[in-house]
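As stored in entry-v8.txt (compact mmCIF, C-alpha atoms):
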# COMPACT_ATOMS: atom_id res chain seq x y z
CA MET A 1 -19.33 193.29 126.19
CA THR A 2 -17.77 193.35 129.62
CA ALA A 3 -15.84 190.26 128.64
CA PHE A 4 -14.57 192.09 125.55
CA ILE A 5 -13.52 195.14 127.56
CA LYS A 6 -11.93 192.89 130.13
CA GLN A 7 -10.01 191.01 127.44
CA GLU A 8 -8.92 194.30 125.84
CA ALA A 9 -7.75 195.53 129.25
CA ASN A 10 -5.84 192.29 129.86
CA GLU A 11 -4.17 192.53 126.42
CA LYS A 12 -3.31 196.19 127.06
CA ALA A 13 -1.91 195.29 130.51
CA HIS A 14 0.09 192.47 128.94
CA GLU A 15 1.46 194.83 126.25
CA ILE A 16 2.36 197.41 128.92
CA SER A 17 4.03 194.69 130.99
CA ILE A 18 6.04 193.43 127.96
CA LYS A 19 6.99 197.01 127.04
CA ALA A 20 8.06 197.71 130.66
CA ASP A 21 10.11 194.50 130.72
CA GLU A 22 11.81 195.51 127.43
CA GLU A 23 12.57 199.02 128.72
CA PHE A 24 13.87 197.52 131.96
CA GLU A 25 16.16 195.15 130.05
CA MET A 26 17.41 198.00 127.83
CA GLU A 27 18.06 200.27 130.85
CA LYS A 28 19.71 197.38 132.70
CA THR A 29 21.93 196.62 129.64
CA LYS A 30 22.80 200.31 129.35
CA LEU A 31 23.79 200.55 133.04
CA VAL A 32 25.79 197.30 132.81
CA MET A 33 27.67 198.64 129.75
CA GLN A 34 28.39 201.96 131.49
CA GLU A 35 29.71 200.20 134.58
CA LYS A 36 31.74 197.82 132.41
CA ASP A 37 33.28 200.81 130.57
CA THR A 38 34.03 202.50 133.93
CA ILE A 39 35.67 199.34 135.24
CA ASP A 40 37.66 198.94 132.00
CA SER A 41 38.89 202.55 132.08
CA THR A 42 39.79 202.25 135.78
CA TYR A 43 41.69 199.04 135.05
CA ALA A 44 43.48 200.66 132.10
CA LYS A 45 44.45 203.65 134.24
CA LYS A 46 45.74 201.41 137.05
CA PHE A 47 47.61 199.28 134.52
CA LYS A 48 49.30 202.38 133.08
CA GLN A 49 50.17 203.59 136.58
CA ALA A 50 51.63 200.19 137.44
CA ALA A 51 53.65 200.13 134.20
CA LEU A 52 54.87 203.66 134.85
CA SER A 53 55.83 202.79 138.42
CA GLN A 54 57.66 199.71 137.21
CA GLN A 55 59.47 201.73 134.54
CA THR A 56 60.40 204.40 137.11
CA ALA A 57 61.72 201.72 139.46
CA ARG A 58 63.81 200.17 136.66
CA SER A 59 65.13 203.59 135.67
CA THR A 60 66.00 204.39 139.28
CA VAL A 61 67.88 201.11 139.65
CA ALA A 62 69.72 201.71 136.36
CA ASN A 63 70.65 205.25 137.42
CA LYS A 64 71.89 204.06 140.81
CA THR A 65 73.97 201.41 139.06
CA ARG A 66 75.39 204.02 136.67
CA LEU A 67 76.20 206.30 139.61
CA ARG A 68 77.98 203.46 141.41
CA VAL A 69 79.97 202.67 138.27
CA LEU A 70 80.85 206.35 137.80
CA ALA A 71 81.85 206.66 141.46
CA ALA A 72 84.06 203.58 141.20
CA ARG A 73 85.55 204.91 137.98
CA GLN A 74 86.21 208.31 139.57
CA GLU A 75 87.78 206.64 142.60
CA LEU A 76 90.06 204.63 140.32
CA LEU A 77 90.99 207.74 138.33
CA ASP A 78 91.74 209.61 141.56
CA GLU A 79 94.02 206.77 142.66
CA ILE A 80 95.76 206.81 139.27
CA PHE A 81 96.24 210.59 139.43
CA GLU A 82 97.55 210.38 142.98
CA ALA A 83 100.02 207.66 141.97
CA ALA A 84 101.12 209.69 138.94
CA GLN A 85 101.48 212.77 141.11
CA ARG A 86 103.66 210.83 143.58
CA ARG A 87 105.78 209.48 140.73
CA LEU A 88 106.17 212.96 139.22
CA SER A 89 107.13 214.37 142.59
CA ASP A 90 109.74 211.61 142.90
CA ALA A 91 110.90 212.29 139.34
CA ALA A 92 111.54 215.94 140.23
CA LYS A 93 114.12 214.73 142.76
CA ASP A 94 116.12 212.87 140.09
CA LYS A 95 117.40 215.61 137.74
CA SER A 96 117.87 213.40 134.68
CA LYS A 97 114.40 211.85 134.95
CA TYR A 98 112.89 215.27 135.67
CA GLU A 99 114.57 216.77 132.60
CA THR A 100 113.17 213.89 130.50
CA VAL A 101 109.66 214.49 131.89
CA LEU A 102 109.93 218.25 131.24
CA LYS A 103 111.23 217.62 127.71
CA GLY A 104 108.24 215.34 127.05
CA LEU A 105 105.79 217.93 128.39
CA ILE A 106 107.36 220.74 126.38
CA LEU A 107 107.46 218.59 123.23
CA GLU A 108 103.80 217.70 123.70
CA GLY A 109 103.05 221.42 124.02
CA PHE A 110 105.01 222.12 120.82
CA TYR A 111 102.92 219.54 118.96
CA ALA A 112 99.66 220.82 120.41
CA LEU A 113 100.29 224.52 119.69
CA SER A 114 102.19 224.12 116.36
CA GLU A 115 103.58 227.66 116.50
CA PRO A 116 107.10 228.70 115.38
CA GLU A 117 107.72 230.76 118.52
CA LEU A 118 106.58 229.79 121.98
CA GLU A 119 107.07 230.82 125.57
CA VAL A 120 107.38 228.32 128.37
CA ARG A 121 106.29 229.17 131.89
CA ALA A 122 108.09 227.22 134.59
CA ARG A 123 109.06 227.33 138.25
CA LYS A 124 111.99 229.65 138.99
CA ALA A 125 113.85 226.77 140.57
CA ASP A 126 113.62 224.79 137.31
CA TYR A 127 114.84 227.44 134.82
CA ASP A 128 118.20 225.67 134.18
CA ILE A 129 116.59 222.25 133.67
CA VAL A 130 113.77 223.76 131.58
CA GLU A 131 116.31 225.51 129.33
CA LYS A 132 118.00 222.17 128.63
CA ALA A 133 114.60 220.48 128.14
CA ILE A 134 113.54 223.22 125.67
CA GLU A 135 116.71 222.67 123.60
CA ALA A 136 116.21 218.90 123.56
CA ALA A 137 112.49 219.20 122.75
CA ALA A 138 113.15 221.74 119.95
CA LYS A 139 115.77 219.43 118.44
CA GLU A 140 113.43 216.43 118.55
CA TYR A 141 110.58 218.55 117.14
CA ARG A 142 112.80 219.64 114.20
CA GLU A 143 113.76 216.01 113.55
CA LYS A 144 110.17 214.68 113.68
CA VAL A 145 108.23 217.55 112.06
CA GLY A 146 110.91 219.15 109.89
CA LYS A 147 110.11 222.69 111.06
CA ASP A 148 112.16 225.02 113.20
CA ILE A 149 110.70 226.05 116.52
CA SER A 150 112.03 228.36 119.15
CA ALA A 151 110.95 228.69 122.73
CA THR A 152 111.96 230.95 125.57
CA ILE A 153 111.24 230.91 129.26
CA ASP A 154 108.71 233.52 130.39
CA LYS A 155 110.64 234.79 133.40
CA GLU A 156 108.13 237.56 134.12
CA ASN A 157 105.33 235.06 134.85
CA PRO A 158 106.81 232.04 136.61
CA VAL A 159 104.59 229.11 137.46
CA ALA A 160 103.75 228.73 141.15
CA GLU A 161 105.82 226.25 143.10
CA GLY A 162 104.57 222.73 142.69
CA ARG A 163 103.37 223.16 139.10
CA GLN A 164 104.72 222.00 135.75
CA VAL A 165 105.89 223.84 132.67
CA ILE A 166 103.24 225.49 130.51
CA PRO A 167 104.04 226.15 126.81
CA ARG A 168 102.23 229.23 125.39
CA SER A 169 102.02 230.80 121.97
CA HIS A 170 103.52 234.28 121.42
CA HIS A 171 100.94 235.22 118.80
CA LEU A 172 97.85 233.54 120.12
CA SER A 173 96.38 233.65 123.56
CA SER A 174 96.35 229.86 123.57
CA GLN A 175 98.04 227.95 126.29
CA TRP A 176 98.61 224.26 126.70
CA GLY A 177 99.03 222.25 129.86
CA LYS A 178 97.50 221.41 133.20
CA PRO A 179 99.08 221.35 136.63
CA LEU A 180 100.82 218.06 137.17
CA LEU A 181 102.99 218.60 140.20
CA THR A 182 101.09 219.97 143.15
CA GLU A 183 102.65 221.12 146.35
CA HIS A 184 103.12 218.49 149.04
CA SER A 185 103.44 219.39 152.72
Since I need it in another form, could you write the structure as structure tokens?
Amino acid sequence: MTAFIKQEANEKAHEISIKADEEFEMEKTKLVMQEKDTIDSTYAKKFKQAALSQQTARSTVANKTRLRVLAARQELLDEIFEAAQRRLSDAAKDKSKYETVLKGLILEGFYALSEPELEVRARKADYDIVEKAIEAAAKEYREKVGKDISATIDKENPVAEGRQVIPRSHHLSSQWGKPLLTEHS
């Protein structure tokens, strides 16, 4: 009988040992899976951060390149405007060339505003040349468009010295033109 009890106890101990080993393996597998998931999520987060950093770096480089291109473009435009400004200043010295330039500006204003009656603002010193340019521009406008147009000089509001002519509509508050000739010291 003691042998039977002893054998039963050994079998029970063996069962408990097997059950403990199974629970240990399950717990160990569970912990390994949790740690694996933690490592995977950490890796995924670091991968996303690295991709984001790389994308930010690429974007920064692209933006710097764009800024350099825009700066170079602006520098070139500034040089072109300065050269044009010098040429226009020189053109103002030659009356025939200056009248041609003024006629072109006034004609461009006529086309842009498309009004039958316009006022032209100009420098006081240029009133005689502007009057001739208005006549020539009105004639060319009639020939090209087939409509009559009349323009007068707005003597109450002359343009500041160093500026160009500015065609304006009588009826509308619209105005056309930008300063072309700036004052030189």
* Could you jot down the atom CA of A:Arg87 to atom CA of A:Asp126 separation for me, Å, one decimal place? =>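 Spanning atom CA of A:Arg87 to atom CA of A:Asp126 is a straight-line distance of 17.5 Å.
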* **Who sits within 8 Å of A:Asp148, all atoms listed in the file, same chain under 4 positions skipped, as a ChimeraX atom specification** => /A:116,138,141-142
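Here atom CA of A:Val120 and atom CA of A:Ile134 stand 8.4 Å from one another.
Using all atoms listed in the file, the nearest neighbour of A:Ala125 within the list A:Val145, A:Leu31, A:Ala160, A:Leu52 is A:Ala160.
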* Would you please work out which residue, of A:Arg121, A:Glu27, A:Ile39, A:Ile129, is nearest to A:Ile153 when using all atoms listed in the file? =>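 Of the candidates, the smallest distance to A:Ile153 is held by A:Arg121.
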* Asked: So how many Å separate atom CA of A:Glu140 and atom CA of A:Ala122, to one decimal?
  ->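 Spanning atom CA of A:Glu140 to atom CA of A:Ala122 is a straight-line distance of 20.1 Å.
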Reconstruct N, CA and C atoms of stretch 43-61 of chain A; output as a PDB file, keeping the file's coordinate frame.
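Here's the written file result-v5.pdb:
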ATOM      1  N   TYR A  43      40.654 200.066 135.176  1.00  0.00           N
ATOM      2  CA  TYR A  43      41.690 199.040 135.050  1.00  0.00           C
ATOM      3  C   TYR A  43      42.825 199.525 134.150  1.00  0.00           C
ATOM      4  N   ALA A  44      42.463 200.150 133.020  1.00  0.00           N
ATOM      5  CA  ALA A  44      43.480 200.660 132.100  1.00  0.00           C
ATOM      6  C   ALA A  44      44.346 201.721 132.777  1.00  0.00           C
ATOM      7  N   LYS A  45      43.717 202.607 133.538  1.00  0.00           N
ATOM      8  CA  LYS A  45      44.450 203.650 134.240  1.00  0.00           C
ATOM      9  C   LYS A  45      45.396 203.047 135.278  1.00  0.00           C
ATOM     10  N   LYS A  46      44.896 202.062 136.042  1.00  0.00           N
ATOM     11  CA  LYS A  46      45.740 201.410 137.050  1.00  0.00           C
ATOM     12  C   LYS A  46      46.873 200.628 136.387  1.00  0.00           C
ATOM     13  N   PHE A  47      46.582 200.015 135.246  1.00  0.00           N
ATOM     14  CA  PHE A  47      47.610 199.280 134.520  1.00  0.00           C
ATOM     15  C   PHE A  47      48.716 200.227 134.045  1.00  0.00           C
ATOM     16  N   LYS A  48      48.313 201.383 133.516  1.00  0.00           N
ATOM     17  CA  LYS A  48      49.300 202.380 133.080  1.00  0.00           C
ATOM     18  C   LYS A  48      50.111 202.882 134.260  1.00  0.00           C
ATOM     19  N   GLN A  49      49.450 203.128 135.388  1.00  0.00           N
ATOM     20  CA  GLN A  49      50.170 203.590 136.580  1.00  0.00           C
ATOM     21  C   GLN A  49      51.161 202.530 137.055  1.00  0.00           C
ATOM     22  N   ALA A  50      50.738 201.272 137.017  1.00  0.00           N
ATOM     23  CA  ALA A  50      51.630 200.190 137.440  1.00  0.00           C
ATOM     24  C   ALA A  50      52.824 200.080 136.489  1.00  0.00           C
ATOM     25  N   ALA A  51      52.563 200.192 135.188  1.00  0.00           N
ATOM     26  CA  ALA A  51      53.650 200.130 134.200  1.00  0.00           C
ATOM     27  C   ALA A  51      54.606 201.296 134.385  1.00  0.00           C
ATOM     28  N   LEU A  52      54.056 202.476 134.631  1.00  0.00           N
ATOM     29  CA  LEU A  52      54.870 203.660 134.850  1.00  0.00           C
ATOM     30  C   LEU A  52      55.701 203.521 136.122  1.00  0.00           C
ATOM     31  N   SER A  53      55.097 203.008 137.175  1.00  0.00           N
ATOM     32  CA  SER A  53      55.830 202.790 138.420  1.00  0.00           C
ATOM     33  C   SER A  53      56.957 201.781 138.217  1.00  0.00           C
ATOM     34  N   GLN A  54      56.656 200.729 137.486  1.00  0.00           N
ATOM     35  CA  GLN A  54      57.660 199.710 137.210  1.00  0.00           C
ATOM     36  C   GLN A  54      58.804 200.292 136.371  1.00  0.00           C
ATOM     37  N   GLN A  55      58.463 201.100 135.382  1.00  0.00           N
ATOM     38  CA  GLN A  55      59.470 201.730 134.540  1.00  0.00           C
ATOM     39  C   GLN A  55      60.314 202.704 135.359  1.00  0.00           C
ATOM     40  N   THR A  56      59.679 203.466 136.248  1.00  0.00           N
ATOM     41  CA  THR A  56      60.400 204.400 137.110  1.00  0.00           C
ATOM     42  C   THR A  56      61.346 203.636 138.030  1.00  0.00           C
ATOM     43  N   ALA A  57      60.876 202.532 138.575  1.00  0.00           N
ATOM     44  CA  ALA A  57      61.720 201.720 139.460  1.00  0.00           C
ATOM     45  C   ALA A  57      62.923 201.176 138.696  1.00  0.00           C
ATOM     46  N   ARG A  58      62.710 200.676 137.472  1.00  0.00           N
ATOM     47  CA  ARG A  58      63.810 200.170 136.660  1.00  0.00           C
ATOM     48  C   ARG A  58      64.801 201.278 136.339  1.00  0.00           C
ATOM     49  N   SER A  59      64.278 202.445 135.985  1.00  0.00           N
ATOM     50  CA  SER A  59      65.130 203.590 135.670  1.00  0.00           C
ATOM     51  C   SER A  59      65.947 204.018 136.887  1.00  0.00           C
ATOM     52  N   THR A  60      65.312 204.020 138.048  1.00  0.00           N
ATOM     53  CA  THR A  60      66.000 204.390 139.280  1.00  0.00           C
ATOM     54  C   THR A  60      67.132 203.405 139.579  1.00  0.00           C
ATOM     55  N   VAL A  61      66.860 202.128 139.424  1.00  0.00           N
ATOM     56  CA  VAL A  61      67.880 201.110 139.650  1.00  0.00           C
ATOM     57  C   VAL A  61      69.029 201.282 138.654  1.00  0.00           C
TER      58      VAL A  61
END
